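Next up, target.txt (compact mmCIF, N, CA, C and O atoms):
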# COMPACT_ATOMS: atom_id res chain seq x y z
N MET A 1 99.29 81.76 89.89
CA MET A 1 99.93 82.86 89.20
C MET A 1 101.44 82.62 89.16
O MET A 1 102.09 82.49 90.19
N GLY A 2 102.00 82.55 87.98
CA GLY A 2 103.42 82.35 87.82
C GLY A 2 104.18 83.66 87.84
O GLY A 2 103.62 84.74 87.72
N VAL A 3 105.49 83.56 87.97
CA VAL A 3 106.34 84.74 88.01
C VAL A 3 106.25 85.51 86.70
O VAL A 3 106.24 86.74 86.68
N PHE A 4 106.16 84.80 85.59
CA PHE A 4 106.16 85.47 84.29
C PHE A 4 104.76 85.60 83.70
O PHE A 4 104.62 85.73 82.49
N SER A 5 103.76 85.61 84.55
CA SER A 5 102.41 85.85 84.07
C SER A 5 102.18 87.36 83.98
O SER A 5 103.02 88.16 84.40
N ARG A 6 101.06 87.73 83.46
CA ARG A 6 100.74 89.17 83.30
C ARG A 6 100.74 89.90 84.64
O ARG A 6 101.17 91.05 84.74
N LYS A 7 100.25 89.24 85.68
CA LYS A 7 100.22 89.85 87.00
C LYS A 7 101.54 89.69 87.75
O LYS A 7 101.84 90.46 88.65
N GLY A 8 102.31 88.69 87.40
CA GLY A 8 103.55 88.41 88.13
C GLY A 8 104.73 89.26 87.73
O GLY A 8 105.60 89.55 88.56
N ILE A 9 104.81 89.70 86.49
CA ILE A 9 105.96 90.46 86.02
C ILE A 9 106.15 91.78 86.77
O ILE A 9 107.27 92.09 87.17
N PRO A 10 105.11 92.60 86.99
CA PRO A 10 105.35 93.83 87.76
C PRO A 10 105.87 93.58 89.17
O PRO A 10 106.74 94.30 89.66
N ILE A 11 105.36 92.54 89.81
CA ILE A 11 105.83 92.23 91.16
C ILE A 11 107.27 91.75 91.12
O ILE A 11 108.11 92.18 91.91
N PHE A 12 107.58 90.87 90.17
CA PHE A 12 108.94 90.38 90.02
C PHE A 12 109.90 91.52 89.73
O PHE A 12 110.97 91.62 90.34
N ALA A 13 109.53 92.42 88.81
CA ALA A 13 110.39 93.55 88.45
C ALA A 13 110.60 94.49 89.64
O ALA A 13 111.71 94.98 89.86
N THR A 14 109.55 94.72 90.42
CA THR A 14 109.67 95.58 91.59
C THR A 14 110.66 95.01 92.59
O THR A 14 111.52 95.73 93.11
N PHE A 15 110.56 93.72 92.87
CA PHE A 15 111.48 93.08 93.81
C PHE A 15 112.91 93.10 93.27
O PHE A 15 113.86 93.31 94.03
N LEU A 16 113.09 92.90 91.98
CA LEU A 16 114.42 92.92 91.38
C LEU A 16 115.05 94.30 91.51
O LEU A 16 116.21 94.44 91.94
N ILE A 17 114.30 95.34 91.17
CA ILE A 17 114.81 96.71 91.26
C ILE A 17 115.09 97.08 92.71
O ILE A 17 116.12 97.67 93.04
N TRP A 18 114.16 96.72 93.59
CA TRP A 18 114.32 97.04 95.01
C TRP A 18 115.57 96.36 95.57
O TRP A 18 116.37 96.99 96.26
N GLY A 19 115.74 95.09 95.28
CA GLY A 19 116.89 94.35 95.80
C GLY A 19 118.21 94.88 95.29
O GLY A 19 119.18 94.99 96.04
N THR A 20 118.26 95.24 94.03
CA THR A 20 119.48 95.78 93.45
C THR A 20 119.82 97.13 94.07
O THR A 20 120.96 97.39 94.45
N GLY A 21 118.83 97.99 94.20
CA GLY A 21 119.06 99.31 94.79
C GLY A 21 119.43 99.23 96.25
O GLY A 21 120.33 99.94 96.72
N SER A 22 118.77 98.36 97.00
CA SER A 22 119.07 98.23 98.43
C SER A 22 120.47 97.68 98.65
O SER A 22 121.16 98.10 99.58
N GLY A 23 120.88 96.76 97.81
CA GLY A 23 122.23 96.21 97.93
C GLY A 23 123.29 97.28 97.70
O GLY A 23 124.28 97.35 98.43
N ALA A 24 123.08 98.13 96.72
CA ALA A 24 124.03 99.21 96.46
C ALA A 24 124.02 100.23 97.59
O ALA A 24 125.07 100.73 97.99
N GLN A 25 122.84 100.53 98.11
CA GLN A 25 122.76 101.50 99.20
C GLN A 25 123.39 100.98 100.48
O GLN A 25 123.94 101.76 101.26
N THR A 26 123.33 99.69 100.70
CA THR A 26 123.94 99.12 101.91
C THR A 26 125.43 99.37 101.93
O THR A 26 126.00 99.63 102.98
N LEU A 27 126.05 99.36 100.77
CA LEU A 27 127.49 99.63 100.70
C LEU A 27 127.79 101.13 100.73
O LEU A 27 128.78 101.56 101.32
N ALA A 28 126.94 101.93 100.11
CA ALA A 28 127.22 103.36 99.99
C ALA A 28 126.81 104.18 101.20
O ALA A 28 127.40 105.22 101.48
N ARG A 29 125.79 103.74 101.92
CA ARG A 29 125.23 104.53 103.04
C ARG A 29 126.29 104.87 104.10
O ARG A 29 126.42 106.03 104.48
N PRO A 30 127.08 103.90 104.62
CA PRO A 30 128.08 104.26 105.63
C PRO A 30 129.16 105.20 105.09
O PRO A 30 129.61 106.10 105.79
N LEU A 31 129.53 105.00 103.84
CA LEU A 31 130.56 105.87 103.25
C LEU A 31 130.03 107.30 103.10
O LEU A 31 130.73 108.26 103.43
N PHE A 32 128.80 107.44 102.65
CA PHE A 32 128.20 108.77 102.52
C PHE A 32 128.07 109.42 103.90
O PHE A 32 128.35 110.61 104.06
N ALA A 33 127.64 108.66 104.89
CA ALA A 33 127.52 109.19 106.25
C ALA A 33 128.88 109.63 106.78
O ALA A 33 128.99 110.65 107.47
N TYR A 34 129.92 108.88 106.46
CA TYR A 34 131.27 109.24 106.89
C TYR A 34 131.69 110.60 106.32
O TYR A 34 132.19 111.46 107.04
N PHE A 35 131.45 110.79 105.04
CA PHE A 35 131.87 112.05 104.42
C PHE A 35 131.00 113.23 104.84
O PHE A 35 131.50 114.32 105.06
N ILE A 36 129.69 113.00 104.96
CA ILE A 36 128.81 114.12 105.30
C ILE A 36 128.95 114.51 106.78
O ILE A 36 128.66 115.64 107.15
N SER A 37 129.43 113.58 107.61
CA SER A 37 129.61 113.90 109.03
C SER A 37 130.99 114.48 109.31
O SER A 37 131.32 114.73 110.46
N GLY A 38 131.78 114.68 108.30
CA GLY A 38 133.12 115.24 108.50
C GLY A 38 134.14 114.21 108.93
O GLY A 38 135.14 114.55 109.55
N GLY A 39 133.90 112.97 108.64
CA GLY A 39 134.87 111.91 108.95
C GLY A 39 134.70 111.30 110.33
O GLY A 39 135.66 110.77 110.88
N SER A 40 133.51 111.34 110.87
CA SER A 40 133.27 110.80 112.21
C SER A 40 132.80 109.34 112.13
O SER A 40 131.68 109.07 111.68
N VAL A 41 133.64 108.44 112.58
CA VAL A 41 133.28 107.02 112.61
C VAL A 41 132.16 106.80 113.64
O VAL A 41 131.28 105.97 113.44
N PHE A 42 132.17 107.59 114.72
CA PHE A 42 131.13 107.48 115.73
C PHE A 42 129.75 107.76 115.13
O PHE A 42 128.80 107.03 115.38
N LEU A 43 129.63 108.82 114.32
CA LEU A 43 128.33 109.15 113.73
C LEU A 43 127.88 108.12 112.71
O LEU A 43 126.69 107.89 112.54
N VAL A 44 128.81 107.50 112.03
CA VAL A 44 128.46 106.41 111.12
C VAL A 44 127.89 105.24 111.92
O VAL A 44 126.87 104.65 111.55
N THR A 45 128.50 104.95 113.05
CA THR A 45 128.01 103.88 113.92
C THR A 45 126.63 104.21 114.48
O THR A 45 125.76 103.34 114.56
N VAL A 46 126.42 105.48 114.85
CA VAL A 46 125.11 105.90 115.34
C VAL A 46 124.06 105.71 114.26
O VAL A 46 122.96 105.23 114.53
N LEU A 47 124.38 106.05 113.02
CA LEU A 47 123.44 105.88 111.92
C LEU A 47 123.07 104.42 111.73
O LEU A 47 121.88 104.07 111.71
N ILE A 48 124.04 103.56 111.61
CA ILE A 48 123.78 102.15 111.36
C ILE A 48 123.03 101.52 112.53
O ILE A 48 122.06 100.77 112.34
N SER A 49 123.42 101.84 113.75
CA SER A 49 122.73 101.31 114.93
C SER A 49 121.31 101.85 115.04
O SER A 49 120.38 101.12 115.39
N GLY A 50 121.15 103.13 114.74
CA GLY A 50 119.82 103.74 114.78
C GLY A 50 118.87 103.11 113.77
O GLY A 50 117.70 102.87 114.07
N LEU A 51 119.37 102.84 112.58
CA LEU A 51 118.54 102.20 111.56
C LEU A 51 118.13 100.79 111.99
O LEU A 51 116.99 100.39 111.81
N ALA A 52 119.08 100.05 112.57
CA ALA A 52 118.76 98.69 113.02
C ALA A 52 117.75 98.73 114.16
O ALA A 52 116.80 97.93 114.18
N ALA A 53 117.93 99.64 115.10
CA ALA A 53 117.00 99.73 116.23
C ALA A 53 115.61 100.14 115.76
O ALA A 53 114.60 99.60 116.22
N LEU A 54 115.55 101.08 114.83
CA LEU A 54 114.25 101.52 114.32
C LEU A 54 113.53 100.39 113.60
O LEU A 54 112.33 100.20 113.79
N ARG A 55 114.24 99.63 112.80
CA ARG A 55 113.59 98.51 112.10
C ARG A 55 113.12 97.44 113.07
O ARG A 55 112.11 96.78 112.84
N MET A 56 113.85 97.27 114.18
CA MET A 56 113.43 96.30 115.18
C MET A 56 112.12 96.74 115.84
O MET A 56 111.26 95.93 116.14
N VAL A 57 111.95 98.05 116.02
CA VAL A 57 110.73 98.57 116.64
C VAL A 57 109.58 98.64 115.64
O VAL A 57 108.45 98.27 115.95
N THR A 58 109.86 99.10 114.42
CA THR A 58 108.78 99.30 113.45
C THR A 58 108.35 98.02 112.76
O THR A 58 107.25 97.97 112.21
N GLY A 59 109.18 96.98 112.78
CA GLY A 59 108.81 95.73 112.13
C GLY A 59 107.49 95.15 112.65
O GLY A 59 106.57 94.90 111.88
N PRO A 60 107.37 94.94 113.96
CA PRO A 60 106.10 94.41 114.48
C PRO A 60 104.93 95.38 114.27
O PRO A 60 103.82 94.95 113.98
N LEU A 61 105.20 96.68 114.38
CA LEU A 61 104.14 97.66 114.19
C LEU A 61 103.61 97.64 112.76
O LEU A 61 102.40 97.62 112.52
N THR A 62 104.51 97.62 111.80
CA THR A 62 104.07 97.59 110.40
C THR A 62 103.44 96.24 110.05
O THR A 62 102.58 96.17 109.19
N GLY A 63 103.86 95.18 110.73
CA GLY A 63 103.20 93.88 110.54
C GLY A 63 101.75 93.94 110.99
O GLY A 63 100.85 93.43 110.31
N PHE A 64 101.52 94.58 112.12
CA PHE A 64 100.15 94.77 112.61
C PHE A 64 99.33 95.60 111.62
O PHE A 64 98.18 95.28 111.31
N LEU A 65 99.93 96.69 111.12
CA LEU A 65 99.23 97.55 110.17
C LEU A 65 98.96 96.82 108.85
O LEU A 65 97.94 97.06 108.21
N THR A 66 99.85 95.94 108.46
CA THR A 66 99.63 95.14 107.25
C THR A 66 98.41 94.24 107.42
O THR A 66 97.60 94.11 106.50
N ASP A 67 98.28 93.65 108.58
CA ASP A 67 97.10 92.81 108.85
C ASP A 67 95.82 93.65 108.83
O ASP A 67 94.77 93.18 108.43
N HIS A 68 95.93 94.88 109.27
CA HIS A 68 94.76 95.76 109.36
C HIS A 68 94.38 96.37 108.01
O HIS A 68 93.21 96.39 107.64
N TRP A 69 95.37 96.92 107.28
CA TRP A 69 95.09 97.65 106.03
C TRP A 69 95.27 96.81 104.77
O TRP A 69 94.77 97.15 103.72
N GLY A 70 96.08 95.76 104.86
CA GLY A 70 96.34 94.93 103.69
C GLY A 70 97.77 95.07 103.20
O GLY A 70 98.45 96.07 103.46
N ARG A 71 98.21 94.06 102.49
CA ARG A 71 99.60 94.00 102.04
C ARG A 71 99.92 95.03 100.96
O ARG A 71 100.94 95.69 101.00
N LYS A 72 99.05 95.15 99.97
CA LYS A 72 99.35 96.04 98.84
C LYS A 72 99.49 97.50 99.25
O LYS A 72 100.47 98.15 98.87
N PRO A 73 98.55 98.07 100.02
CA PRO A 73 98.72 99.48 100.41
C PRO A 73 99.99 99.72 101.23
O PRO A 73 100.67 100.74 101.04
N MET A 74 100.33 98.78 102.09
CA MET A 74 101.54 98.95 102.90
C MET A 74 102.80 98.84 102.03
O MET A 74 103.75 99.59 102.22
N ALA A 75 102.80 97.90 101.10
CA ALA A 75 103.97 97.74 100.23
C ALA A 75 104.16 98.96 99.35
O ALA A 75 105.29 99.43 99.17
N VAL A 76 103.09 99.50 98.81
CA VAL A 76 103.19 100.69 97.96
C VAL A 76 103.65 101.89 98.79
O VAL A 76 104.54 102.65 98.38
N THR A 77 103.07 102.06 99.97
CA THR A 77 103.47 103.17 100.84
C THR A 77 104.92 103.03 101.26
O THR A 77 105.67 104.01 101.27
N GLY A 78 105.34 101.83 101.61
CA GLY A 78 106.72 101.60 102.01
C GLY A 78 107.70 101.88 100.89
O GLY A 78 108.74 102.51 101.11
N ALA A 79 107.38 101.43 99.70
CA ALA A 79 108.25 101.70 98.56
C ALA A 79 108.32 103.20 98.26
O ALA A 79 109.39 103.74 97.95
N PHE A 80 107.19 103.89 98.39
CA PHE A 80 107.17 105.34 98.18
C PHE A 80 108.02 106.05 99.23
O PHE A 80 108.81 106.95 98.88
N LEU A 81 107.91 105.66 100.48
CA LEU A 81 108.71 106.29 101.54
C LEU A 81 110.20 106.07 101.31
O LEU A 81 111.00 107.00 101.41
N ARG A 82 110.58 104.82 101.01
CA ARG A 82 112.00 104.51 100.80
C ARG A 82 112.54 105.26 99.57
O ARG A 82 113.62 105.83 99.61
N GLY A 83 111.77 105.24 98.49
CA GLY A 83 112.20 105.93 97.28
C GLY A 83 112.30 107.43 97.47
O GLY A 83 113.27 108.05 97.02
N SER A 84 111.33 108.01 98.14
CA SER A 84 111.35 109.46 98.38
C SER A 84 112.52 109.85 99.27
O SER A 84 113.20 110.84 99.01
N ALA A 85 112.75 109.08 100.32
CA ALA A 85 113.87 109.37 101.22
C ALA A 85 115.20 109.22 100.50
O ALA A 85 116.10 110.05 100.66
N SER A 86 115.32 108.19 99.68
CA SER A 86 116.57 107.98 98.93
C SER A 86 116.81 109.12 97.93
O SER A 86 117.94 109.57 97.75
N PHE A 87 115.76 109.58 97.28
CA PHE A 87 115.89 110.70 96.35
C PHE A 87 116.24 111.98 97.09
O PHE A 87 117.10 112.75 96.64
N ALA A 88 115.63 112.22 98.22
CA ALA A 88 115.87 113.45 98.97
C ALA A 88 117.29 113.51 99.52
O ALA A 88 117.82 114.61 99.74
N VAL A 89 117.94 112.37 99.71
CA VAL A 89 119.32 112.35 100.19
C VAL A 89 120.25 113.08 99.22
O VAL A 89 121.28 113.62 99.63
N LEU A 90 119.87 113.14 97.97
CA LEU A 90 120.69 113.86 96.99
C LEU A 90 120.85 115.34 97.34
O LEU A 90 121.80 115.97 96.91
N PHE A 91 119.93 115.87 98.11
CA PHE A 91 119.90 117.31 98.38
C PHE A 91 120.31 117.69 99.80
O PHE A 91 120.20 118.85 100.16
N VAL A 92 120.77 116.74 100.59
CA VAL A 92 121.14 117.07 101.97
C VAL A 92 122.53 117.68 102.02
O VAL A 92 123.37 117.43 101.15
N ASP A 93 122.75 118.48 103.05
CA ASP A 93 124.07 119.07 103.21
C ASP A 93 124.59 118.95 104.64
O ASP A 93 125.61 119.53 104.97
N ASN A 94 123.88 118.21 105.49
CA ASN A 94 124.42 117.95 106.82
C ASN A 94 123.97 116.58 107.32
O ASN A 94 123.07 115.97 106.77
N TYR A 95 124.62 116.15 108.37
CA TYR A 95 124.40 114.81 108.89
C TYR A 95 122.99 114.61 109.45
O TYR A 95 122.39 113.56 109.25
N ILE A 96 122.45 115.61 110.13
CA ILE A 96 121.13 115.48 110.75
C ILE A 96 120.06 115.24 109.69
O ILE A 96 119.20 114.36 109.86
N GLN A 97 120.11 115.98 108.60
CA GLN A 97 119.14 115.78 107.51
C GLN A 97 119.27 114.36 106.95
O GLN A 97 118.28 113.68 106.71
N PHE A 98 120.50 113.93 106.75
CA PHE A 98 120.75 112.59 106.23
C PHE A 98 120.20 111.54 107.19
O PHE A 98 119.53 110.58 106.78
N PHE A 99 120.46 111.72 108.48
CA PHE A 99 120.00 110.77 109.49
C PHE A 99 118.48 110.67 109.51
O PHE A 99 117.92 109.57 109.52
N VAL A 100 117.79 111.80 109.48
CA VAL A 100 116.32 111.80 109.51
C VAL A 100 115.77 111.12 108.25
O VAL A 100 114.83 110.31 108.33
N LEU A 101 116.33 111.43 107.09
CA LEU A 101 115.86 110.80 105.86
C LEU A 101 116.09 109.29 105.87
O LEU A 101 115.25 108.52 105.40
N GLU A 102 117.19 108.87 106.43
CA GLU A 102 117.45 107.43 106.51
C GLU A 102 116.49 106.75 107.47
O GLU A 102 116.07 105.62 107.24
N LEU A 103 116.10 107.44 108.54
CA LEU A 103 115.10 106.88 109.46
C LEU A 103 113.76 106.73 108.75
O LEU A 103 113.07 105.72 108.91
N ILE A 104 113.37 107.73 107.98
CA ILE A 104 112.12 107.65 107.21
C ILE A 104 112.19 106.49 106.22
O ILE A 104 111.24 105.71 106.06
N GLY A 105 113.33 106.36 105.55
CA GLY A 105 113.50 105.26 104.61
C GLY A 105 113.46 103.90 105.29
O GLY A 105 112.93 102.94 104.74
N ALA A 106 113.99 103.81 106.52
CA ALA A 106 113.96 102.55 107.25
C ALA A 106 112.53 102.16 107.60
O ALA A 106 112.18 100.97 107.60
N ILE A 107 111.70 103.14 107.90
CA ILE A 107 110.28 102.85 108.15
C ILE A 107 109.65 102.29 106.88
O ILE A 107 108.88 101.34 106.92
N GLY A 108 110.00 102.88 105.73
CA GLY A 108 109.50 102.37 104.45
C GLY A 108 109.94 100.95 104.18
O GLY A 108 109.15 100.13 103.69
N VAL A 109 111.18 100.63 104.53
CA VAL A 109 111.66 99.26 104.34
C VAL A 109 110.88 98.30 105.23
O VAL A 109 110.53 97.19 104.80
N SER A 110 110.59 98.71 106.44
CA SER A 110 109.79 97.86 107.34
C SER A 110 108.39 97.64 106.79
O SER A 110 107.83 96.55 106.93
N MET A 111 107.85 98.64 106.16
CA MET A 111 106.51 98.51 105.58
C MET A 111 106.53 97.58 104.37
O MET A 111 105.55 96.90 104.09
N TRP A 112 107.61 97.60 103.65
CA TRP A 112 107.73 96.78 102.46
C TRP A 112 107.75 95.32 102.83
O TRP A 112 107.14 94.47 102.26
Same coordinates, now as structure tokens:
Amino acid sequence: MGVFSRKGIPIFATFLIWGTGSGAQTLARPLFAYFISGGSVFLVTVLISGLAALRMVTGPLTGFLTDHWGRKPMAVTGAFLRGSASFAVLFVDNYIQFFVLELIGAIGVSMW
């Protein structure tokens, strides 16, 4: 199966969109956390460290689940979690809500 085959194009497009969006979010996430936390550099650091720690813990777990349930269901679920969390961030008005949504999104990234 080639990248530009009938089955390859949706997968290629999904990875392209995901990579572009994740790259933009990587730059915007700390800035948004800074403003929503009232200018606390400490809380921005807690967010970034928390996301890294969570991905370190959930990575092996989601790898095990991928072996058990299959790659496609986990990838679809992970993309749905990340997309839903990213969309819900539009409606947050405090740091705790933002932090929880980012943790949910990080689980989705691990599943992906």
Would you place a box with edges along x, y and z of the file around all atoms of region 37-49 of chain A listed there, add 6 Å to each of its six sides, and report the centre and edge lengths in Å to one decimal, as JSON?
{"center_x": 128.0, "center_y": 108.0, "center_z": 111.7, "size_x": 27.3, "size_y": 26.5, "size_z": 20.1}
For a test of reading the model, state the distance in Å between atom O of Glu102 (chain A) and atom N of Ile48 (chain A), rounded to one decimal. 9.3 Å
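Straight-line separation from atom O of Arg55 (chain A) to atom N of Leu31 (chain A): 21.3 Å.
Using only N, CA, C and O atoms for every distance, the candidate list A:Gly8, A:Gly70, A:Gly105, A:Gly39 yields A:Gly105 as the residue closest to Arg82 (chain A).
For the atom pair formed by CA of Ala75 (chain A) and atom O of Val109 (chain A), the distance is 8.0 Å, given to one decimal.
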Set the distance at 8 Å and use only N, CA, C and O atoms: which residues neighbour Leu43 (chain A) once local chain neighbours fewer than 4 positions away are removed? I'd like the list as a compact mmCIF listing (two decimals) with N, CA, C and O atoms, keeping the file's coordinate frame.
# COMPACT_ATOMS: atom_id res chain seq x y z
N PRO A 30 127.08 103.90 104.62
CA PRO A 30 128.08 104.26 105.63
C PRO A 30 129.16 105.20 105.09
O PRO A 30 129.61 106.10 105.79
N ALA A 33 127.64 108.66 104.89
CA ALA A 33 127.52 109.19 106.25
C ALA A 33 128.88 109.63 106.78
O ALA A 33 128.99 110.65 107.47
N TYR A 34 129.92 108.88 106.46
CA TYR A 34 131.27 109.24 106.89
C TYR A 34 131.69 110.60 106.32
O TYR A 34 132.19 111.46 107.04
N SER A 37 129.43 113.58 107.61
CA SER A 37 129.61 113.90 109.03
C SER A 37 130.99 114.48 109.31
O SER A 37 131.32 114.73 110.46
N GLY A 39 133.90 112.97 108.64
CA GLY A 39 134.87 111.91 108.95
C GLY A 39 134.70 111.30 110.33
O GLY A 39 135.66 110.77 110.88
N LEU A 47 124.38 106.05 113.02
CA LEU A 47 123.44 105.88 111.92
C LEU A 47 123.07 104.42 111.73
O LEU A 47 121.88 104.07 111.71
N ILE A 48 124.04 103.56 111.61
CA ILE A 48 123.78 102.15 111.36
C ILE A 48 123.03 101.52 112.53
O ILE A 48 122.06 100.77 112.34
N SER A 49 123.42 101.84 113.75
CA SER A 49 122.73 101.31 114.93
C SER A 49 121.31 101.85 115.04
O SER A 49 120.38 101.12 115.39
N GLY A 50 121.15 103.13 114.74
CA GLY A 50 119.82 103.74 114.78
C GLY A 50 118.87 103.11 113.77
O GLY A 50 117.70 102.87 114.07
N TYR A 95 124.62 116.15 108.37
CA TYR A 95 124.40 114.81 108.89
C TYR A 95 122.99 114.61 109.45
O TYR A 95 122.39 113.56 109.25
N PHE A 99 120.46 111.72 108.48
CA PHE A 99 120.00 110.77 109.49
C PHE A 99 118.48 110.67 109.51
O PHE A 99 117.92 109.57 109.52
Taking all atoms listed in the file into account, which of A:Ala28, A:Val100, A:Leu90, A:Met111 comes nearest Arg71 (chain A)? A:Met111
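The smallest atom-to-atom distance between Gly83 (chain A) and any of A:Val41, A:Ile96, A:Ile104, A:Leu65, using only C-alpha atoms, is found for A:Ile104.
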Find the spatial neighbours of Leu81 (chain A), counting all atoms listed in the file, within a cut-off of 7 Å - ignore same-chain residues fewer than 2 positions away - and output them as a VMD selection string. chain A and resid 75 to 79 83 to 87 101 104 to 109
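Nearest to Pro60 (chain A) of all the residues A:Gln25, A:Gln97, A:Ser110, A:Ile11 is A:Ser110, based on all atoms listed in the file.
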Residues near Asp93 (chain A), anyone? I mean within 8 Å using all atoms listed in the file, not counting same-chain ones fewer than 5 positions away, as a count of residues only. 5
